[in-house]
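Q: One structure follows; several queries about it will come next.
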Amino acid sequence: MTNYNARADLLACLLELTDAHKYAHNPSARRAFHTALLDSYLYIPLAKKPKTRTGKIAFLTVHNNGHDHALLFSSIKTLSEFVGQQMPYTRVSARTALEQIHSGYALLNAGPFGRALRPNDISEILTQAIENTRTPRPQMAIAN
């Protein structure tokens with residue numbers, strides 16, 4: 001296991017503990033990972049032109065398995081290990097980043113313990129985010 005400062009990079013630690021098999025076949029582990037991801041801020045390297053015409057951030061992408069994947073990192077350390085110190089980046093909430101990618105592909109913490117996110121994974125994560133905001137109001141019973 002990699003020596004992470006778990007408090008500083010909980011998401012990277014969770015990525016390593018929730019391997020691809022566990023992610024695919026264990027709904028509880030997948031949901032826990034999604035919750036941790038949604039509670040995180042991500043560091044995203046920027047493409048040469050930082051803004052698109054729509055005002056959205058232009059993420060740096062890599063071509064992997066026939067698709068362009070937006071690069072997402074859980075910490076500045078993991079970002080700089082992959083792209084170097086001089087790459088411009090932005091820090092945004094995971095939800096904001098995934099909403100911008102929505103029907104695209106992403107690569108979270110590129111490397112041996114990274115996770116490729118397909119459009120259906122991103123959709124599932126965003127659906128969970130919506131469900132998490134729908135908390136039922138507590139019911140109050142008044143006794144005589």
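Ligands are numbered from 1 in the order shown, chains are lettered A, B, ... in the order of the structure tokens, and residues start at 1 in each chain.
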Skip Pro27 (chain A) itself and residues of its chain fewer than 6 positions away, then list as a ChimeraX atom specification all residues within 12 Å of it, counting only C-alpha atoms.

A: /A:18,21,33-34,124

Q: For Ile101 (chain A), list every protein, DNA or RNA residue within 9 Å, evaluated using only C-alpha atoms, and leave out those in the same chain fewer than 4 positions away; present the list as a short mmCIF file (atom, residue, chain, number, x, y, z; two decimals) with C-alpha atoms, in the first residue's frame.

A:
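Below you can see selection33.cif, which holds the result:
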```cif
data_model
loop_
_atom_site.label_atom_id
_atom_site.label_comp_id
_atom_site.auth_asym_id
_atom_site.auth_seq_id
_atom_site.Cartn_x
_atom_site.Cartn_y
_atom_site.Cartn_z
CA ALA A 70 -10.37 14.64 -18.73
CA THR A 96 -18.77 20.83 -10.57
CA ALA A 97 -16.07 18.99 -12.51
CA TYR A 105 -14.82 10.30 -19.87
CA ALA A 106 -12.48 11.14 -16.99
CA PRO A 119 -20.19 8.38 -18.83
CA ILE A 122 -20.31 9.88 -13.96
#
```

Q: What lies within 10 Å of Ser103 (chain A) using only C-alpha atoms, ignoring chain neighbours under 5 positions off, as number ranges by chain?

A: A: 98, 118-123

Q: So that I have them on file, write out the residues from the current selection with N, CA and C atoms, as a short mmCIF file (atom, residue, chain, number, x, y, z; two decimals), in the first residue's frame.

A:
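Output (result.cif):
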```cif
data_model
loop_
_atom_site.label_atom_id
_atom_site.label_comp_id
_atom_site.auth_asym_id
_atom_site.auth_seq_id
_atom_site.Cartn_x
_atom_site.Cartn_y
_atom_site.Cartn_z
N LEU A 98 -17.54 17.05 -12.54
CA LEU A 98 -18.29 15.97 -13.19
C LEU A 98 -19.48 16.51 -13.97
N ARG A 118 -16.33 6.28 -16.81
CA ARG A 118 -17.08 6.33 -18.06
C ARG A 118 -18.32 7.20 -17.87
N PRO A 119 -18.98 7.54 -18.97
CA PRO A 119 -20.19 8.38 -18.83
C PRO A 119 -21.23 7.79 -17.87
N ASN A 120 -21.42 6.46 -17.89
CA ASN A 120 -22.41 5.88 -16.98
C ASN A 120 -21.96 5.97 -15.52
N ASP A 121 -20.64 5.90 -15.27
CA ASP A 121 -20.14 6.08 -13.90
C ASP A 121 -20.40 7.51 -13.43
N ILE A 122 -20.11 8.47 -14.30
CA ILE A 122 -20.31 9.88 -13.96
C ILE A 122 -21.79 10.16 -13.71
N SER A 123 -22.64 9.59 -14.55
CA SER A 123 -24.09 9.75 -14.37
C SER A 123 -24.53 9.18 -13.02
#
```

Q: Compare A:Gly114, A:Ala129, A:Val62, A:Gln100 by their minimum atom-to-atom distance to Arg31 (chain A), counting only C-alpha atoms, and give me the closest one.

A: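 Looking only at the distances to Arg31 (chain A), the closest residue turns out to be A:Ala129.
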
Q: My list of candidates is A:Leu72, A:Ile44, A:Ile57, A:Met87. Which is closest to Leu107 (chain A) when distances are computed with only C-alpha atoms?

A: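 Checking each candidate against Leu107 (chain A), we get A:Leu72 as the closest.
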
Q: CA of Ala24 (chain A) to CA of Leu108 (chain A): how many Å, to one decimal?

A: 15.8 Å

Q: Can you measure CA of Leu37 (chain A) to CA of Leu14 (chain A) for me? One decimal in Å is fine.

A: 9.4 Å

Q: Apply DSSP to the backbone of this structure and, from region 9-119 of chain A, keep only the residues in strand (DSSP E or B); write these as a PyMOL selection string.

A: chain A and resi 41-51+57-59+61-64+67-73+89-93+105-108+115-117

Q: Could you tell me how far CA of Tyr23 (chain A) sits from CA of Asn65 (chain A), in Å to one decimal place?

A: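 Separating CA of Asn65 (chain A) from CA of Tyr23 (chain A) is a distance of 19.4 Å.
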
Q: Enumerate, as a PyMOL selection string, the complete set of residues in region 1-136 of chain A that a backbone-based DSSP assignment places in helix (DSSP H, G or I).

A: chain A and resi 10-17+20-25+27-38+76-83+94-101+119-133

Q: Could you please take those selected residues and save C-alpha atoms as a CSV table (one decimal), in the first residue's frame?

A:
```csv
chain,number,residue,atom,x,y,z
A,10,LEU,CA,-8.4,10.5,1.6
A,11,LEU,CA,-9.7,10.1,-1.9
A,12,ALA,CA,-6.3,8.7,-3.2
A,13,CYS,CA,-6.2,6.3,-0.3
A,14,LEU,CA,-9.8,5.2,-1.0
A,15,LEU,CA,-9.0,4.7,-4.7
A,16,GLU,CA,-6.2,2.3,-3.7
A,17,LEU,CA,-8.4,0.4,-1.3
A,20,ALA,CA,-11.5,-2.1,-9.9
A,21,HIS,CA,-13.1,-5.4,-9.0
A,22,LYS,CA,-14.5,-4.1,-5.7
A,23,TYR,CA,-15.7,-1.0,-7.4
A,24,ALA,CA,-17.5,-3.0,-10.1
A,25,HIS,CA,-19.0,-5.7,-7.9
A,27,PRO,CA,-22.3,-1.6,-4.5
A,28,SER,CA,-21.5,-0.5,-0.9
A,29,ALA,CA,-17.9,0.1,-1.7
A,30,ARG,CA,-18.9,2.0,-4.9
A,31,ARG,CA,-21.3,4.2,-3.0
A,32,ALA,CA,-18.7,5.0,-0.3
A,33,PHE,CA,-16.2,5.9,-3.0
A,34,HIS,CA,-18.8,8.1,-4.8
A,35,THR,CA,-19.6,9.9,-1.5
A,36,ALA,CA,-16.0,10.5,-0.8
A,37,LEU,CA,-15.5,11.8,-4.3
A,38,LEU,CA,-18.5,14.2,-4.1
A,76,ILE,CA,-1.6,18.9,-6.0
A,77,LYS,CA,0.9,16.1,-5.2
A,78,THR,CA,-0.8,13.6,-7.5
A,79,LEU,CA,-1.3,16.3,-10.2
A,80,SER,CA,2.4,17.4,-10.2
A,81,GLU,CA,3.6,13.8,-10.2
A,82,PHE,CA,1.7,13.2,-13.5
A,83,VAL,CA,2.0,16.5,-15.3
A,94,ALA,CA,-15.8,17.2,-7.8
A,95,ARG,CA,-19.5,17.7,-8.5
A,96,THR,CA,-18.8,20.8,-10.6
A,97,ALA,CA,-16.1,19.0,-12.5
A,98,LEU,CA,-18.3,16.0,-13.2
A,99,GLU,CA,-21.2,18.2,-14.2
A,100,GLN,CA,-18.9,19.8,-16.8
A,101,ILE,CA,-17.7,16.4,-18.1
A,119,PRO,CA,-20.2,8.4,-18.8
A,120,ASN,CA,-22.4,5.9,-17.0
A,121,ASP,CA,-20.1,6.1,-13.9
A,122,ILE,CA,-20.3,9.9,-14.0
A,123,SER,CA,-24.1,9.8,-14.4
A,124,GLU,CA,-24.4,7.4,-11.4
A,125,ILE,CA,-22.2,9.7,-9.2
A,126,LEU,CA,-24.2,12.7,-10.2
A,127,THR,CA,-27.5,10.9,-9.5
A,128,GLN,CA,-26.2,10.0,-6.1
A,129,ALA,CA,-25.4,13.6,-5.5
A,130,ILE,CA,-29.0,14.6,-6.3
A,131,GLU,CA,-30.3,11.8,-4.0
A,132,ASN,CA,-28.0,12.9,-1.2
A,133,THR,CA,-29.6,16.4,-1.3
```

Q: Identify which of the residues A:Ser75, A:Tyr89, A:His63, A:Asp19 lies closest to Pro45 (chain A), counting only C-alpha atoms when measuring atom-to-atom distances.

A: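 With only C-alpha atoms as the atom set, the closest residue is A:Tyr89.
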
Q: Go through A:Gln85, A:Asn26, A:Ser74, A:Thr61 one by one, measure the shortest atom-to-atom distance of each to Asp9 (chain A) using only C-alpha atoms, and give the residue with the smallest value.

A: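 The closest residue to Asp9 (chain A) is A:Ser74.
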